[in-house]
>>> print(open('input_2.cif').read())   # mmCIF, C-alpha atoms, pLDDT in the B column; chains and numbers go by the auth columns
data_my_file
loop_
_atom_site.group_PDB
_atom_site.id
_atom_site.type_symbol
_atom_site.label_atom_id
_atom_site.label_comp_id
_atom_site.label_asym_id
_atom_site.label_seq_id
_atom_site.Cartn_x
_atom_site.Cartn_y
_atom_site.Cartn_z
_atom_site.B_iso_or_equiv
_atom_site.auth_seq_id
_atom_site.auth_asym_id
ATOM 1 C CA MET A 1 110.795 9.573 -113.163 51.00 22 A
ATOM 2 C CA LYS A 2 108.789 9.306 -116.335 62.00 23 A
ATOM 3 C CA ASP A 3 108.860 6.200 -118.561 68.00 24 A
ATOM 4 C CA ALA A 4 109.397 6.579 -122.285 73.00 25 A
ATOM 5 C CA PRO A 5 106.119 6.535 -124.230 78.00 26 A
ATOM 6 C CA LYS A 6 105.129 3.104 -125.511 81.00 27 A
ATOM 7 C CA PRO A 7 104.992 2.791 -129.298 80.00 28 A
ATOM 8 C CA PRO A 8 101.569 2.286 -130.871 85.00 29 A
ATOM 9 C CA PHE A 9 100.511 -1.299 -131.491 82.00 30 A
ATOM 10 C CA GLY A 10 100.579 -0.831 -135.288 84.00 31 A
ATOM 11 C CA VAL A 11 104.186 0.370 -135.171 83.00 32 A
ATOM 12 C CA VAL A 12 105.212 -2.658 -133.104 82.00 33 A
ATOM 13 C CA VAL A 13 103.437 -5.042 -135.489 83.00 34 A
ATOM 14 C CA ALA A 14 104.989 -3.361 -138.535 86.00 35 A
ATOM 15 C CA ARG A 15 108.462 -3.588 -136.981 87.00 36 A
ATOM 16 C CA ILE A 16 107.930 -7.246 -136.109 86.00 37 A
ATOM 17 C CA LEU A 17 106.767 -8.060 -139.645 87.00 38 A
ATOM 18 C CA ARG A 18 109.691 -6.170 -141.199 89.00 39 A
ATOM 19 C CA GLU A 19 112.190 -7.993 -138.982 86.00 40 A
ATOM 20 C CA ALA A 20 110.532 -11.353 -139.630 85.00 41 A
ATOM 21 C CA ARG A 21 110.590 -10.793 -143.402 90.00 42 A
ATOM 22 C CA GLY A 22 114.272 -9.859 -143.273 88.00 43 A
ATOM 23 C CA LEU A 23 115.106 -12.889 -141.139 86.00 44 A
ATOM 24 C CA LEU A 24 113.177 -15.245 -143.406 87.00 45 A
ATOM 25 C CA ALA A 25 114.945 -13.873 -146.482 89.00 46 A
ATOM 26 C CA ALA A 26 118.339 -14.252 -144.808 88.00 47 A
ATOM 27 C CA HIS A 27 117.550 -17.809 -143.709 86.00 48 A
ATOM 28 C CA ALA A 28 116.258 -18.750 -147.157 89.00 49 A
ATOM 29 C CA ASP A 29 119.504 -17.471 -148.667 89.00 50 A
ATOM 30 C CA LEU A 30 121.580 -19.373 -146.103 87.00 51 A
ATOM 31 C CA ALA A 31 119.573 -22.564 -146.684 87.00 52 A
ATOM 32 C CA GLN A 32 120.036 -22.231 -150.442 90.00 53 A
ATOM 33 C CA ARG A 33 123.813 -21.823 -150.070 90.00 54 A
ATOM 34 C CA GLU A 34 123.956 -24.734 -147.646 88.00 55 A
ATOM 35 C CA LEU A 35 121.929 -26.993 -149.946 88.00 56 A
ATOM 36 C CA ARG A 36 124.247 -26.134 -152.856 89.00 57 A
ATOM 37 C CA GLN A 37 127.204 -27.138 -150.693 88.00 58 A
ATOM 38 C CA ASN A 38 125.427 -30.345 -149.687 87.00 59 A
ATOM 39 C CA LEU A 39 124.718 -31.139 -153.332 89.00 60 A
ATOM 40 C CA ARG A 40 128.437 -30.851 -154.049 88.00 61 A
ATOM 41 C CA SER A 41 129.007 -33.338 -151.242 87.00 62 A
ATOM 42 C CA ALA A 42 126.340 -35.630 -152.715 89.00 63 A
ATOM 43 C CA LYS A 43 128.071 -35.411 -156.076 91.00 64 A
ATOM 44 C CA ALA A 44 131.316 -36.476 -154.419 90.00 65 A
ATOM 45 C CA GLY A 45 129.454 -39.356 -152.747 90.00 66 A
ATOM 46 C CA LEU A 46 128.044 -40.508 -156.075 92.00 67 A
ATOM 47 C CA ILE A 47 131.489 -40.355 -157.622 94.00 68 A
ATOM 48 C CA LEU A 48 132.869 -42.476 -154.768 92.00 69 A
ATOM 49 C CA ILE A 49 130.097 -45.031 -155.208 93.00 70 A
ATOM 50 C CA ALA A 50 130.742 -45.160 -158.943 94.00 71 A
ATOM 51 C CA ALA A 51 134.441 -45.588 -158.207 92.00 72 A
ATOM 52 C CA ALA A 52 133.607 -48.440 -155.824 91.00 73 A
ATOM 53 C CA LEU A 53 131.545 -50.175 -158.482 89.00 74 A
ATOM 54 C CA LEU A 54 134.174 -49.624 -161.148 89.00 75 A
ATOM 55 C CA PHE A 55 136.866 -50.868 -158.785 83.00 76 A
ATOM 56 C CA ALA A 56 134.855 -53.979 -158.016 80.00 77 A
ATOM 57 C CA LEU A 57 134.252 -54.821 -161.650 85.00 78 A
ATOM 58 C CA VAL A 58 137.653 -54.067 -163.116 84.00 79 A
ATOM 59 C CA SER A 59 139.746 -55.237 -160.203 75.00 80 A
ATOM 60 C CA VAL A 60 138.015 -58.553 -159.783 71.00 81 A
ATOM 61 C CA HIS A 61 138.489 -59.354 -163.435 85.00 82 A
ATOM 62 C CA ALA A 62 141.949 -58.013 -164.176 83.00 83 A
ATOM 63 C CA LEU A 63 143.889 -57.943 -160.925 79.00 84 A
ATOM 64 C CA GLY A 64 142.093 -60.908 -159.427 83.00 85 A
ATOM 65 C CA VAL A 65 143.456 -63.352 -161.935 89.00 86 A
ATOM 66 C CA VAL A 66 146.995 -62.044 -161.523 91.00 87 A
ATOM 67 C CA ALA A 67 146.794 -62.130 -157.707 88.00 88 A
ATOM 68 C CA VAL A 68 145.370 -65.630 -157.637 89.00 89 A
ATOM 69 C CA LEU A 69 148.111 -66.885 -159.922 91.00 90 A
ATOM 70 C CA ALA A 70 150.800 -65.108 -157.861 93.00 91 A
ATOM 71 C CA LEU A 71 149.545 -66.634 -154.608 92.00 92 A
ATOM 72 C CA ALA A 72 149.259 -70.048 -156.201 92.00 93 A
ATOM 73 C CA ASP A 73 152.827 -69.680 -157.440 92.00 94 A
ATOM 74 C CA MET A 74 153.946 -68.990 -153.850 93.00 95 A
ATOM 75 C CA GLY A 75 152.730 -72.402 -152.776 91.00 96 A
ATOM 76 C CA LEU A 76 149.090 -71.826 -151.840 90.00 97 A
ATOM 77 C CA GLY A 77 146.473 -73.939 -153.483 91.00 98 A
ATOM 78 C CA LEU A 78 144.517 -72.365 -156.303 90.00 99 A
ATOM 79 C CA GLY A 79 141.298 -72.339 -154.231 91.00 100 A
ATOM 80 C CA ALA A 80 142.928 -70.705 -151.189 92.00 101 A
ATOM 81 C CA ALA A 81 144.577 -68.081 -153.384 92.00 102 A
ATOM 82 C CA ALA A 82 141.253 -67.269 -155.044 90.00 103 A
ATOM 83 C CA ALA A 83 139.511 -66.981 -151.652 92.00 104 A
ATOM 84 C CA ILE A 84 142.130 -64.564 -150.283 91.00 105 A
ATOM 85 C CA VAL A 85 141.963 -62.307 -153.348 86.00 106 A
ATOM 86 C CA PHE A 86 138.174 -62.330 -153.302 88.00 107 A
ATOM 87 C CA GLY A 87 138.131 -61.345 -149.598 92.00 108 A
ATOM 88 C CA VAL A 88 140.468 -58.398 -150.157 89.00 109 A
ATOM 89 C CA PHE A 89 138.362 -57.074 -153.033 83.00 110 A
ATOM 90 C CA VAL A 90 135.138 -57.415 -151.044 90.00 111 A
ATOM 91 C CA VAL A 91 136.612 -55.442 -148.121 92.00 112 A
ATOM 92 C CA LEU A 92 137.827 -52.625 -150.418 88.00 113 A
ATOM 93 C CA THR A 93 134.465 -52.467 -152.161 88.00 114 A
ATOM 94 C CA ILE A 94 132.589 -52.252 -148.849 94.00 115 A
ATOM 95 C CA ILE A 95 134.858 -49.454 -147.574 94.00 116 A
ATOM 96 C CA LEU A 96 134.448 -47.323 -150.717 90.00 117 A
ATOM 97 C CA GLY A 97 130.691 -47.893 -150.785 91.00 118 A
ATOM 98 C CA ALA A 98 130.278 -47.027 -147.098 91.00 119 A
ATOM 99 C CA VAL A 99 132.194 -43.761 -147.457 90.00 120 A
ATOM 100 C CA GLY A 100 130.121 -42.844 -150.506 88.00 121 A
ATOM 101 C CA MET A 101 126.833 -43.658 -148.769 87.00 122 A
ATOM 102 C CA ARG A 102 127.822 -41.554 -145.750 85.00 123 A
ATOM 103 C CA CYS A 103 128.180 -38.545 -148.058 83.00 124 A
ATOM 104 C CA LEU A 104 124.637 -39.155 -149.334 82.00 125 A
ATOM 105 C CA SER A 105 122.887 -39.657 -146.000 79.00 126 A
ATOM 106 C CA ALA A 106 119.879 -37.513 -145.098 76.00 127 A
ATOM 107 C CA ARG A 107 121.751 -36.282 -142.032 75.00 128 A
ATOM 108 C CA ALA A 108 124.638 -35.009 -144.180 72.00 129 A
ATOM 109 C CA MET A 109 122.173 -33.158 -146.425 75.00 130 A
ATOM 110 C CA MET A 110 120.374 -31.410 -143.538 78.00 131 A
ATOM 111 C CA PRO A 111 120.940 -27.613 -143.493 81.00 132 A
ATOM 112 C CA ARG A 112 122.082 -27.706 -139.839 81.00 133 A
ATOM 113 C CA ARG A 113 123.519 -24.195 -139.691 84.00 134 A
ATOM 114 C CA THR A 114 120.285 -22.717 -141.022 83.00 135 A
ATOM 115 C CA ILE A 115 118.178 -24.619 -138.484 83.00 136 A
ATOM 116 C CA GLU A 116 120.434 -23.576 -135.583 85.00 137 A
ATOM 117 C CA SER A 117 120.401 -19.981 -136.787 84.00 138 A
ATOM 118 C CA LEU A 118 116.600 -20.017 -137.025 82.00 139 A
ATOM 119 C CA LYS A 119 116.292 -21.383 -133.486 84.00 140 A
ATOM 120 C CA SER A 120 118.643 -18.701 -132.223 86.00 141 A
ATOM 121 C CA ASP A 121 116.758 -15.944 -134.048 81.00 142 A
ATOM 122 C CA ILE A 122 113.404 -17.168 -132.730 83.00 143 A
ATOM 123 C CA ALA A 123 114.714 -17.141 -129.168 83.00 144 A
ATOM 124 C CA LEU A 124 116.189 -13.666 -129.632 81.00 145 A
ATOM 125 C CA PHE A 125 112.970 -12.455 -131.242 78.00 146 A
ATOM 126 C CA GLU A 126 110.882 -13.807 -128.355 79.00 147 A
ATOM 127 C CA GLU A 127 113.144 -12.092 -125.842 78.00 148 A
ATOM 128 C CA SER A 128 113.063 -8.713 -127.576 76.00 149 A
ATOM 129 C CA HIS A 129 109.336 -8.676 -128.430 68.00 150 A
ATOM 130 C CA ASP A 130 107.662 -9.706 -125.208 66.00 151 A
ATOM 131 C CA ASP A 131 104.157 -8.172 -125.299 57.00 152 A
ATOM 132 C CA ARG A 132 103.896 -8.198 -121.508 55.00 153 A
ATOM 133 C CA GLU A 133 106.988 -6.031 -121.299 55.00 154 A
ATOM 134 C CA VAL A 134 105.882 -3.547 -123.991 53.00 155 A
ATOM 135 C CA TYR A 135 102.240 -3.145 -122.951 55.00 156 A
ATOM 136 C CA GLY A 136 102.426 -4.003 -119.265 55.00 157 A
ATOM 137 C CA LYS A 137 100.035 -6.956 -119.543 54.00 158 A
ATOM 138 C CA ALA A 138 100.189 -9.798 -117.069 49.00 159 A
#
>>> encode(input="input_2.cif", output="structure tokens")
Amino acid sequence: MKDAPKPPFGVVVARILREARGLLAAHADLAQRELRQNLRSAKAGLILIAAALLFALVSVHALGVVAVLALADMGLGLGAAAAIVFGVFVVLTIILGAVGMRCLSARAMMPRRTIESLKSDIALFEESHDDREVYGKA
């Protein structure tokens, strides 16, 4: 039984370079799309942080006075009422800020699908272009 003729080295190199160029272009396009999506997420995170800051400023001034007076009217002392209202506003501000910061984290911005796809393509490429297999070298 006769083996199929082995392609010339130049043909193998040219094929490898052509495939590598195509893969790099595809991965660059995927990374660009993924980064655009991540920027939209970052924009949402910034909006949430701005909302947290706005909530903290406006709520403490406007609603805080009303809540303190309402609690004081229910029989609590003025100091205790003010402390309760302050605590509630601090908790809400921390929650909104934490959610916004999570959207802006470096991990959230990482193009994970592109990286996984690159790793997969490299492994596939190494499997299909093993020089020992093509040229019978040990």
>>> residues_around(input="input_2.cif", residues="Ala41 of chain A", least_positions_apart="4", cutoff="10 Å", atoms="only C-alpha atoms", output="list in words")
Ala35, Arg36, Ile37, Leu45, Ala46, Ala47, Asp142, Ile143 and Phe146 of chain A
>>> resolve_selection(input="input_2.cif", expression="the PyMOL selection byres ((chain A and resi 90) around 12)", output="list of chain:residue names")
A:Ala83, A:Leu84, A:Gly85, A:Val86, A:Val87, A:Ala88, A:Val89, A:Ala91, A:Leu92, A:Ala93, A:Asp94, A:Met95, A:Gly96, A:Leu97, A:Gly98, A:Leu99, A:Gly100, A:Ala101, A:Ala102, A:Ala103, A:Ala104, A:Ile105, A:Val106
>>> closest_residue(input="input_2.cif", among="A:Leu69, A:Ala77, A:Pro26, A:Asn59", to="Ala129 of chain A", atoms="only C-alpha atoms")
A:Asn59
>>> axis_aligned_box(input="input_2.cif", around="segment 126-141 of chain A", padding_each_side="4 Å", output="JSON")
{"center_x": 120.5, "center_y": -29.2, "center_z": -139.3, "size_x": 16.3, "size_y": 29.0, "size_z": 22.2}
>>> atom_distance(input="input_2.cif", atom1="atom CA of His48 of chain A", atom2="atom CA of Leu139 of chain A")
7.1 Å
>>> atom_distance(input="input_2.cif", atom1="atom CA of Arg57 of chain A", atom2="atom CA of Leu38 of chain A")
28.4 Å
>>> atom_distance(input="input_2.cif", atom1="atom CA of Ala52 of chain A", atom2="atom CA of Arg134 of chain A")
8.2 Å
>>> resolve_selection(input="input_2.cif", expression="the PyMOL selection byres ((chain A and resi 56) around 12)", output="mmCIF file with C-alpha atoms, keeping the file's coordinate frame")
data_model
loop_
_atom_site.group_PDB
_atom_site.id
_atom_site.type_symbol
_atom_site.label_atom_id
_atom_site.label_comp_id
_atom_site.auth_asym_id
_atom_site.auth_seq_id
_atom_site.Cartn_x
_atom_site.Cartn_y
_atom_site.Cartn_z
ATOM 1 C CA HIS A 48 117.550 -17.809 -143.709
ATOM 2 C CA ALA A 49 116.258 -18.750 -147.157
ATOM 3 C CA ASP A 50 119.504 -17.471 -148.667
ATOM 4 C CA LEU A 51 121.580 -19.373 -146.103
ATOM 5 C CA ALA A 52 119.573 -22.564 -146.684
ATOM 6 C CA GLN A 53 120.036 -22.231 -150.442
ATOM 7 C CA ARG A 54 123.813 -21.823 -150.070
ATOM 8 C CA GLU A 55 123.956 -24.734 -147.646
ATOM 9 C CA ARG A 57 124.247 -26.134 -152.856
ATOM 10 C CA GLN A 58 127.204 -27.138 -150.693
ATOM 11 C CA ASN A 59 125.427 -30.345 -149.687
ATOM 12 C CA LEU A 60 124.718 -31.139 -153.332
ATOM 13 C CA ARG A 61 128.437 -30.851 -154.049
ATOM 14 C CA SER A 62 129.007 -33.338 -151.242
ATOM 15 C CA ALA A 63 126.340 -35.630 -152.715
ATOM 16 C CA ALA A 127 119.879 -37.513 -145.098
ATOM 17 C CA ALA A 129 124.638 -35.009 -144.180
ATOM 18 C CA MET A 130 122.173 -33.158 -146.425
ATOM 19 C CA MET A 131 120.374 -31.410 -143.538
ATOM 20 C CA PRO A 132 120.940 -27.613 -143.493
ATOM 21 C CA ARG A 133 122.082 -27.706 -139.839
ATOM 22 C CA ARG A 134 123.519 -24.195 -139.691
ATOM 23 C CA THR A 135 120.285 -22.717 -141.022
#
>>> residues_around(input="input_2.cif", residues="Leu117 of chain A", least_positions_apart="4", cutoff="9 Å", atoms="only C-alpha atoms", output="JSON, numbers by chain")
{"A": [69, 70, 72, 73, 74, 112, 113, 121, 122]}
>>> decode(input="input_2.cif", residues="segment 91-111 of chain A", atoms="N, CA, C and O atoms", output="PDB file, in the first residue's frame")
ATOM      1  N   ALA A  91     -41.367  62.010  60.319  1.00  0.00           N
ATOM      2  CA  ALA A  91     -42.426  61.004  60.449  1.00  0.00           C
ATOM      3  C   ALA A  91     -42.110  60.045  61.595  1.00  0.00           C
ATOM      4  O   ALA A  91     -42.997  59.690  62.378  1.00  0.00           O
ATOM      5  N   LEU A  92     -40.863  59.605  61.689  1.00  0.00           N
ATOM      6  CA  LEU A  92     -40.488  58.704  62.780  1.00  0.00           C
ATOM      7  C   LEU A  92     -40.572  59.410  64.142  1.00  0.00           C
ATOM      8  O   LEU A  92     -40.997  58.822  65.137  1.00  0.00           O
ATOM      9  N   ALA A  93     -40.178  60.638  64.165  1.00  0.00           N
ATOM     10  CA  ALA A  93     -40.270  61.397  65.423  1.00  0.00           C
ATOM     11  C   ALA A  93     -41.728  61.572  65.823  1.00  0.00           C
ATOM     12  O   ALA A  93     -42.068  61.519  67.018  1.00  0.00           O
ATOM     13  N   ASP A  94     -42.591  61.719  64.858  1.00  0.00           N
ATOM     14  CA  ASP A  94     -44.024  61.877  65.126  1.00  0.00           C
ATOM     15  C   ASP A  94     -44.623  60.575  65.656  1.00  0.00           C
ATOM     16  O   ASP A  94     -45.631  60.593  66.359  1.00  0.00           O
ATOM     17  N   MET A  95     -43.995  59.435  65.326  1.00  0.00           N
ATOM     18  CA  MET A  95     -44.501  58.143  65.793  1.00  0.00           C
ATOM     19  C   MET A  95     -44.006  57.815  67.196  1.00  0.00           C
ATOM     20  O   MET A  95     -44.272  56.739  67.713  1.00  0.00           O
ATOM     21  N   GLY A  96     -43.270  58.705  67.807  1.00  0.00           N
ATOM     22  CA  GLY A  96     -42.876  58.503  69.186  1.00  0.00           C
ATOM     23  C   GLY A  96     -41.393  58.292  69.401  1.00  0.00           C
ATOM     24  O   GLY A  96     -40.938  58.233  70.538  1.00  0.00           O
ATOM     25  N   LEU A  97     -40.623  58.117  68.329  1.00  0.00           N
ATOM     26  CA  LEU A  97     -39.174  57.991  68.489  1.00  0.00           C
ATOM     27  C   LEU A  97     -38.583  59.369  68.761  1.00  0.00           C
ATOM     28  O   LEU A  97     -39.122  60.393  68.361  1.00  0.00           O
ATOM     29  N   GLY A  98     -37.455  59.366  69.412  1.00  0.00           N
ATOM     30  CA  GLY A  98     -36.769  60.636  69.601  1.00  0.00           C
ATOM     31  C   GLY A  98     -36.228  61.122  68.268  1.00  0.00           C
ATOM     32  O   GLY A  98     -36.027  60.354  67.326  1.00  0.00           O
ATOM     33  N   LEU A  99     -35.969  62.415  68.201  1.00  0.00           N
ATOM     34  CA  LEU A  99     -35.483  63.006  66.958  1.00  0.00           C
ATOM     35  C   LEU A  99     -34.128  62.408  66.550  1.00  0.00           C
ATOM     36  O   LEU A  99     -33.900  62.131  65.375  1.00  0.00           O
ATOM     37  N   GLY A 100     -33.258  62.155  67.490  1.00  0.00           N
ATOM     38  CA  GLY A 100     -31.945  61.565  67.201  1.00  0.00           C
ATOM     39  C   GLY A 100     -32.063  60.141  66.685  1.00  0.00           C
ATOM     40  O   GLY A 100     -31.384  59.744  65.743  1.00  0.00           O
ATOM     41  N   ALA A 101     -32.905  59.323  67.311  1.00  0.00           N
ATOM     42  CA  ALA A 101     -33.090  57.937  66.870  1.00  0.00           C
ATOM     43  C   ALA A 101     -33.703  57.895  65.483  1.00  0.00           C
ATOM     44  O   ALA A 101     -33.305  57.085  64.624  1.00  0.00           O
ATOM     45  N   ALA A 102     -34.655  58.755  65.221  1.00  0.00           N
ATOM     46  CA  ALA A 102     -35.292  58.820  63.905  1.00  0.00           C
ATOM     47  C   ALA A 102     -34.272  59.195  62.837  1.00  0.00           C
ATOM     48  O   ALA A 102     -34.236  58.604  61.747  1.00  0.00           O
ATOM     49  N   ALA A 103     -33.421  60.160  63.139  1.00  0.00           N
ATOM     50  CA  ALA A 103     -32.397  60.585  62.181  1.00  0.00           C
ATOM     51  C   ALA A 103     -31.397  59.455  61.925  1.00  0.00           C
ATOM     52  O   ALA A 103     -30.977  59.231  60.777  1.00  0.00           O
ATOM     53  N   ALA A 104     -31.027  58.711  62.960  1.00  0.00           N
ATOM     54  CA  ALA A 104     -30.080  57.606  62.797  1.00  0.00           C
ATOM     55  C   ALA A 104     -30.660  56.492  61.933  1.00  0.00           C
ATOM     56  O   ALA A 104     -29.965  55.921  61.082  1.00  0.00           O
ATOM     57  N   ILE A 105     -31.911  56.160  62.114  1.00  0.00           N
ATOM     58  CA  ILE A 105     -32.558  55.109  61.312  1.00  0.00           C
ATOM     59  C   ILE A 105     -32.597  55.512  59.838  1.00  0.00           C
ATOM     60  O   ILE A 105     -32.237  54.729  58.945  1.00  0.00           O
ATOM     61  N   VAL A 106     -33.020  56.727  59.567  1.00  0.00           N
ATOM     62  CA  VAL A 106     -33.116  57.200  58.177  1.00  0.00           C
ATOM     63  C   VAL A 106     -31.731  57.232  57.536  1.00  0.00           C
ATOM     64  O   VAL A 106     -31.555  56.799  56.383  1.00  0.00           O
ATOM     65  N   PHE A 107     -30.753  57.708  58.253  1.00  0.00           N
ATOM     66  CA  PHE A 107     -29.393  57.741  57.731  1.00  0.00           C
ATOM     67  C   PHE A 107     -28.908  56.328  57.387  1.00  0.00           C
ATOM     68  O   PHE A 107     -28.329  56.102  56.325  1.00  0.00           O
ATOM     69  N   GLY A 108     -29.145  55.357  58.254  1.00  0.00           N
ATOM     70  CA  GLY A 108     -28.730  53.976  58.013  1.00  0.00           C
ATOM     71  C   GLY A 108     -29.358  53.388  56.756  1.00  0.00           C
ATOM     72  O   GLY A 108     -28.685  52.716  55.968  1.00  0.00           O
ATOM     73  N   VAL A 109     -30.635  53.638  56.565  1.00  0.00           N
ATOM     74  CA  VAL A 109     -31.325  53.127  55.367  1.00  0.00           C
ATOM     75  C   VAL A 109     -30.716  53.723  54.105  1.00  0.00           C
ATOM     76  O   VAL A 109     -30.450  53.011  53.117  1.00  0.00           O
ATOM     77  N   PHE A 110     -30.461  55.018  54.112  1.00  0.00           N
ATOM     78  CA  PHE A 110     -29.884  55.658  52.920  1.00  0.00           C
ATOM     79  C   PHE A 110     -28.460  55.175  52.646  1.00  0.00           C
ATOM     80  O   PHE A 110     -28.074  55.011  51.488  1.00  0.00           O
ATOM     81  N   VAL A 111     -27.691  54.932  53.675  1.00  0.00           N
ATOM     82  CA  VAL A 111     -26.332  54.421  53.479  1.00  0.00           C
ATOM     83  C   VAL A 111     -26.366  53.032  52.851  1.00  0.00           C
ATOM     84  O   VAL A 111     -25.622  52.744  51.905  1.00  0.00           O
TER      85      VAL A 111
END
